[in-house]
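Trainee: Just one file: query21.pdb, with PDB, C-alpha atoms.
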ATOM      1  CA  MET A  18      -9.693 -10.892   8.215
ATOM      2  CA  THR A  19     -12.271  -8.126   8.510
ATOM      3  CA  ALA A  20     -12.529  -4.666   6.986
ATOM      4  CA  GLN A  21     -10.892  -3.447  10.202
ATOM      5  CA  THR A  22      -7.635  -5.387   9.818
ATOM      6  CA  LYS A  23      -4.796  -2.892  10.169
ATOM      7  CA  ILE A  24      -1.099  -2.784   9.462
ATOM      8  CA  ASN A  25       1.642  -0.502  10.716
ATOM      9  CA  ILE A  26       4.485   0.807   8.584
ATOM     10  CA  ALA A  27       7.327   2.020  10.826
ATOM     11  CA  ILE A  28       9.553   4.580   9.088
ATOM     12  CA  ALA A  29      12.355   6.298  11.015
ATOM     13  CA  GLY A  30      10.533   6.062  14.344
ATOM     14  CA  GLN A  31       7.216   7.254  12.923
ATOM     15  CA  ASN A  32       4.134   5.148  12.203
ATOM     16  CA  VAL A  33       1.747   4.901   9.291
ATOM     17  CA  HIS A  34      -1.491   3.039  10.073
ATOM     18  CA  VAL A  35      -3.385   1.437   7.202
ATOM     19  CA  ALA A  36      -6.871  -0.125   7.382
ATOM     20  CA  LEU A  37      -6.966  -2.993   4.894
ATOM     21  CA  ASP A  38      -9.947  -4.052   2.825
ATOM     22  CA  ASP A  39     -11.258  -7.608   3.115
ATOM     23  CA  THR A  40     -10.174  -8.797  -0.346
ATOM     24  CA  PRO A  41      -8.109 -11.687  -1.722
ATOM     25  CA  ALA A  42      -5.297  -9.284  -2.679
ATOM     26  CA  ALA A  43      -5.175  -7.733   0.814
ATOM     27  CA  ARG A  44      -5.156 -11.199   2.401
ATOM     28  CA  ALA A  45      -2.279 -12.212   0.094
ATOM     29  CA  PHE A  46      -0.393  -9.086   1.205
ATOM     30  CA  ILE A  47      -0.930  -9.945   4.887
ATOM     31  CA  ALA A  48       0.413 -13.452   4.244
ATOM     32  CA  GLN A  49       3.789 -11.882   3.314
ATOM     33  CA  LEU A  50       4.125  -9.952   6.600
ATOM     34  CA  PRO A  51       6.312  -8.952   8.288
ATOM     35  CA  LEU A  52       8.169  -7.174   5.490
ATOM     36  CA  THR A  53      10.906  -4.592   5.216
ATOM     37  CA  LEU A  54      10.194  -2.452   2.161
ATOM     38  CA  ARG A  55      12.020   0.463   0.545
ATOM     39  CA  PHE A  56       9.547   3.177  -0.451
ATOM     40  CA  GLU A  57      10.645   5.565  -3.192
ATOM     41  CA  ASP A  58       9.109   8.553  -4.930
ATOM     42  CA  TYR A  59       7.303   7.850  -8.179
ATOM     43  CA  GLY A  60       6.726  11.298  -9.585
ATOM     44  CA  THR A  61       4.962  13.526  -7.076
ATOM     45  CA  THR A  62       1.822  11.415  -6.905
ATOM     46  CA  GLU A  63       2.871   8.236  -5.129
ATOM     47  CA  LYS A  64       5.436   6.258  -3.166
ATOM     48  CA  ILE A  65       6.140   2.788  -4.478
ATOM     49  CA  SER A  66       7.819  -0.332  -3.163
ATOM     50  CA  TYR A  67       8.338  -3.694  -4.823
ATOM     51  CA  LEU A  68       7.088  -6.819  -3.073
ATOM     52  CA  PRO A  69       9.127 -10.028  -2.876
ATOM     53  CA  ASN A  70       6.148 -11.990  -4.270
ATOM     54  CA  LYS A  71       3.279 -10.895  -6.504
ATOM     55  CA  LEU A  72      -0.240 -10.795  -5.074
ATOM     56  CA  THR A  73      -3.289 -12.533  -6.451
ATOM     57  CA  THR A  74      -5.687 -10.240  -8.291
ATOM     58  CA  GLU A  75      -8.280 -12.925  -9.003
ATOM     59  CA  GLY A  76     -11.778 -11.543  -8.531
ATOM     60  CA  GLU A  77     -10.553  -7.938  -8.360
ATOM     61  CA  PRO A  78     -11.861  -5.174 -10.649
ATOM     62  CA  PRO A  79      -9.637  -4.480 -13.691
ATOM     63  CA  GLY A  80      -8.585  -1.129 -12.193
ATOM     64  CA  TYR A  81      -9.819   1.840 -10.177
ATOM     65  CA  THR A  82      -9.417   5.580  -9.555
ATOM     66  CA  PRO A  83      -7.214   6.088  -6.463
ATOM     67  CA  VAL A  84      -7.569   8.945  -3.986
ATOM     68  CA  THR A  85      -5.110  10.516  -1.559
ATOM     69  CA  GLY A  86      -4.142   7.995   1.115
ATOM     70  CA  ASP A  87      -5.004   4.841  -0.823
ATOM     71  CA  PHE A  88      -2.715   1.862  -0.227
ATOM     72  CA  SER A  89      -2.741  -0.081  -3.479
ATOM     73  CA  TYR A  90      -1.072  -2.783  -5.529
ATOM     74  CA  TYR A  91      -0.060  -2.254  -9.155
ATOM     75  CA  ALA A  92      -0.273  -5.760 -10.594
ATOM     76  CA  PRO A  93       1.666  -5.223 -13.861
ATOM     77  CA  TRP A  94       4.837  -4.251 -11.951
ATOM     78  CA  GLY A  95       4.211  -6.103  -8.672
ATOM     79  CA  ASN A  96       4.567  -3.013  -6.498
ATOM     80  CA  ILE A  97       2.769  -1.326  -3.642
ATOM     81  CA  ALA A  98       1.612   2.209  -4.463
ATOM     82  CA  VAL A  99       0.775   4.723  -1.736
ATOM     83  CA  PHE A 100      -1.108   7.642  -3.242
ATOM     84  CA  LEU A 101      -0.052  11.074  -2.009
ATOM     85  CA  LYS A 102      -2.547  12.776  -4.341
ATOM     86  CA  ASP A 103      -5.739  11.824  -6.142
ATOM     87  CA  PHE A 104      -4.999  10.186  -9.488
ATOM     88  CA  SER A 105      -6.806   9.036 -12.617
ATOM     89  CA  TYR A 106      -8.233   5.599 -13.355
ATOM     90  CA  SER A 107      -5.426   3.061 -13.650
ATOM     91  CA  ARG A 108      -5.862  -0.350 -15.228
ATOM     92  CA  GLY A 109      -4.115  -3.054 -13.186
ATOM     93  CA  LEU A 110      -4.338  -1.065  -9.948
ATOM     94  CA  VAL A 111      -5.933  -2.887  -7.007
ATOM     95  CA  ARG A 112      -6.953  -1.116  -3.807
ATOM     96  CA  LEU A 113      -5.676  -2.888  -0.681
ATOM     97  CA  GLY A 114      -6.816  -0.315   1.877
ATOM     98  CA  HIS A 115      -6.498   3.286   3.032
ATOM     99  CA  ILE A 116      -4.095   5.158   5.312
ATOM    100  CA  GLU A 117      -5.834   6.206   8.540
ATOM    101  CA  SER A 118      -2.903   8.131  10.013
ATOM    102  CA  GLY A 119       0.664   9.018   9.106
ATOM    103  CA  LEU A 120       0.239  10.082   5.477
ATOM    104  CA  GLU A 121       2.608  12.976   6.245
ATOM    105  CA  VAL A 122       5.343  10.395   6.970
ATOM    106  CA  MET A 123       4.924   8.934   3.486
ATOM    107  CA  ASN A 124       4.855  12.425   2.008
ATOM    108  CA  GLN A 125       8.498  13.079   2.957
ATOM    109  CA  LYS A 126      10.664  13.262  -0.165
ATOM    110  CA  GLY A 127      13.244  10.608  -0.945
ATOM    111  CA  GLU A 128      13.613   6.911  -0.203
ATOM    112  CA  HIS A 129      12.544   5.477   3.142
ATOM    113  CA  GLU A 130      12.796   2.002   4.611
ATOM    114  CA  GLY A 131       9.588   0.807   6.227
ATOM    115  CA  ILE A 132       8.956  -2.195   8.440
ATOM    116  CA  VAL A 133       5.436  -3.461   7.755
ATOM    117  CA  THR A 134       3.683  -5.469  10.471
ATOM    118  CA  LEU A 135       0.166  -6.556  11.293
ATOM    119  CA  LEU A 136      -1.422  -4.577  14.136
ATOM    120  CA  LYS A 137      -3.039  -6.806  16.748
TER
END
Hey, can you dump this file as structure tokens for me?

Mentor:
Amino acid sequence: MTAQTKINIAIAGQNVHVALDDTPAARAFIAQLPLTLRFEDYGTTEKISYLPNKLTTEGEPPGYTPVTGDFSYYAPWGNIAVFLKDFSYSRGLVRLGHIESGLEVMNQKGEHEGIVTLLK
């Protein structure tokens, strides 16, 4: 995997492209693909979805300060977090990558099913 590894999240005929970081957690996420995930609103700041299996966070920083478009993993709950707004430092949050296009698709209110696949 390189810093340019990308995934697609297909939601209702629209695509969200995410460039993944080259980290153990991102590689563990890729190992679970393809996935069908249900993304739901968590406040007005993020969309979250629970993974079938937790990701490794070994070697990752204890937390970070996410920005709009970050594709992250919240280790304490085992969920993906897509940030729709900048947020404060969060312990247990691990950055997996960043949305390159399609953030507006994630920004739609309500629950959405997404099919997550690796882009070739």

Trainee: Write out as a list in words the residues lying within 9 Å of Ala98 in chain A, counting all atoms listed in the file and excluding same-chain residues fewer than 3 positions away.

Mentor: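 The filter keeps Phe56, Tyr59, Glu63, Lys64, Ile65, Ser66, Tyr67, Asp87, Phe88, Ser89, Tyr90, Tyr91 and Leu110 of chain A.
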
Trainee: What does the structure give for the distance between CA of Asn124 in chain A and CA of Ile24 in chain A, in Å to one decimal?

Mentor: 18.0 Å

Trainee: Record the distance separating CA of Thr40 in chain A and CA of Ile97 in chain A, expressed in Å with one decimal.

Mentor: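 Going from CA of Thr40 in chain A over to CA of Ile97 in chain A covers 15.3 Å.
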
Trainee: Give me, please, the distance in Å between CA of Ser118 in chain A and CA of Val35 in chain A, quoted to one decimal.

Mentor: 7.3 Å

Trainee: Can you translate the PyMOL selection byres ((chain A and resi 120) around 10) into the concrete residues it hits in this file, as a list in words?

Mentor: Asn32, Val33, His34, Val35, Thr85, Gly86, Asp87, Val99, Phe100, Leu101, His115, Ile116, Glu117, Ser118, Gly119, Glu121, Val122, Met123, Asn124 and Gln125 of chain A

Trainee: Can you spell out as a PDB file with C-alpha atoms, in the frame of the given file the set of residues that the PyMOL selection byres ((chain A and resi 109) around 12) selects in the structure I just provided?

Mentor:
ATOM      1  CA  LEU A  72      -0.240 -10.795  -5.074  1.00  0.00           C
ATOM      2  CA  THR A  73      -3.289 -12.533  -6.451  1.00  0.00           C
ATOM      3  CA  THR A  74      -5.687 -10.240  -8.291  1.00  0.00           C
ATOM      4  CA  GLU A  75      -8.280 -12.925  -9.003  1.00  0.00           C
ATOM      5  CA  GLU A  77     -10.553  -7.938  -8.360  1.00  0.00           C
ATOM      6  CA  PRO A  78     -11.861  -5.174 -10.649  1.00  0.00           C
ATOM      7  CA  PRO A  79      -9.637  -4.480 -13.691  1.00  0.00           C
ATOM      8  CA  GLY A  80      -8.585  -1.129 -12.193  1.00  0.00           C
ATOM      9  CA  TYR A  81      -9.819   1.840 -10.177  1.00  0.00           C
ATOM     10  CA  THR A  82      -9.417   5.580  -9.555  1.00  0.00           C
ATOM     11  CA  PRO A  83      -7.214   6.088  -6.463  1.00  0.00           C
ATOM     12  CA  SER A  89      -2.741  -0.081  -3.479  1.00  0.00           C
ATOM     13  CA  TYR A  90      -1.072  -2.783  -5.529  1.00  0.00           C
ATOM     14  CA  TYR A  91      -0.060  -2.254  -9.155  1.00  0.00           C
ATOM     15  CA  ALA A  92      -0.273  -5.760 -10.594  1.00  0.00           C
ATOM     16  CA  PRO A  93       1.666  -5.223 -13.861  1.00  0.00           C
ATOM     17  CA  TRP A  94       4.837  -4.251 -11.951  1.00  0.00           C
ATOM     18  CA  GLY A  95       4.211  -6.103  -8.672  1.00  0.00           C
ATOM     19  CA  ASN A  96       4.567  -3.013  -6.498  1.00  0.00           C
ATOM     20  CA  ILE A  97       2.769  -1.326  -3.642  1.00  0.00           C
ATOM     21  CA  ALA A  98       1.612   2.209  -4.463  1.00  0.00           C
ATOM     22  CA  TYR A 106      -8.233   5.599 -13.355  1.00  0.00           C
ATOM     23  CA  SER A 107      -5.426   3.061 -13.650  1.00  0.00           C
ATOM     24  CA  ARG A 108      -5.862  -0.350 -15.228  1.00  0.00           C
ATOM     25  CA  LEU A 110      -4.338  -1.065  -9.948  1.00  0.00           C
ATOM     26  CA  VAL A 111      -5.933  -2.887  -7.007  1.00  0.00           C
ATOM     27  CA  ARG A 112      -6.953  -1.116  -3.807  1.00  0.00           C
TER      28      ARG A 112
END

Trainee: Have a look at A:Lys23, A:Pro41, A:Gly114, A:Lys71 and name the one nearest to Val133 in chain A; count all atoms listed in the file.

Mentor: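 The answer is A:Lys23, which sits nearest to Val133 in chain A.
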
Trainee: Between A:Gly76, A:Asp103, A:Ala45, A:Asp38, which has the minimum distance to Thr61 in chain A (counting all atoms listed in the file)?

Mentor: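 So, comparing all the options, the nearest one is A:Asp103.
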
Trainee: Take every atom of range 24-36 of chain A listed in the file, fit an axis-aligned box around them, add 8 Å per side, and give the centre and edge lengths in Å to one decimal as AutoDock Vina command-line options.

Mentor:
--center_x 2.7 --center_y 2.2 --center_z 10.8 --size_x 35.2 --size_y 26.0 --size_z 23.1

Trainee: To verify the selection step, state as a PyMOL selection string which residues the PyMOL selection byres ((chain A and resi 129) around 9) yields on this input.

Mentor: chain A and resi 28-29+54-57+123+125-128+130-131

Trainee: Residues within 9 Å of Gln21 in chain A, please, as a list in words. Count all atoms listed in the file; anything in the same chain fewer than 3 positions from it doesn't count.

Mentor: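 The filter keeps Met18, Ala36, Leu37, Asp38 and Asp39 of chain A.
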
Trainee: Go through A:Ile132, A:Ala48, A:Val84, A:Phe104 one by one, measure the shortest atom-to-atom distance of each to Gly60 in chain A using only C-alpha atoms, and give the residue with the smallest value.

Mentor: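 Of all the options, A:Phe104 lies closest to Gly60 in chain A.
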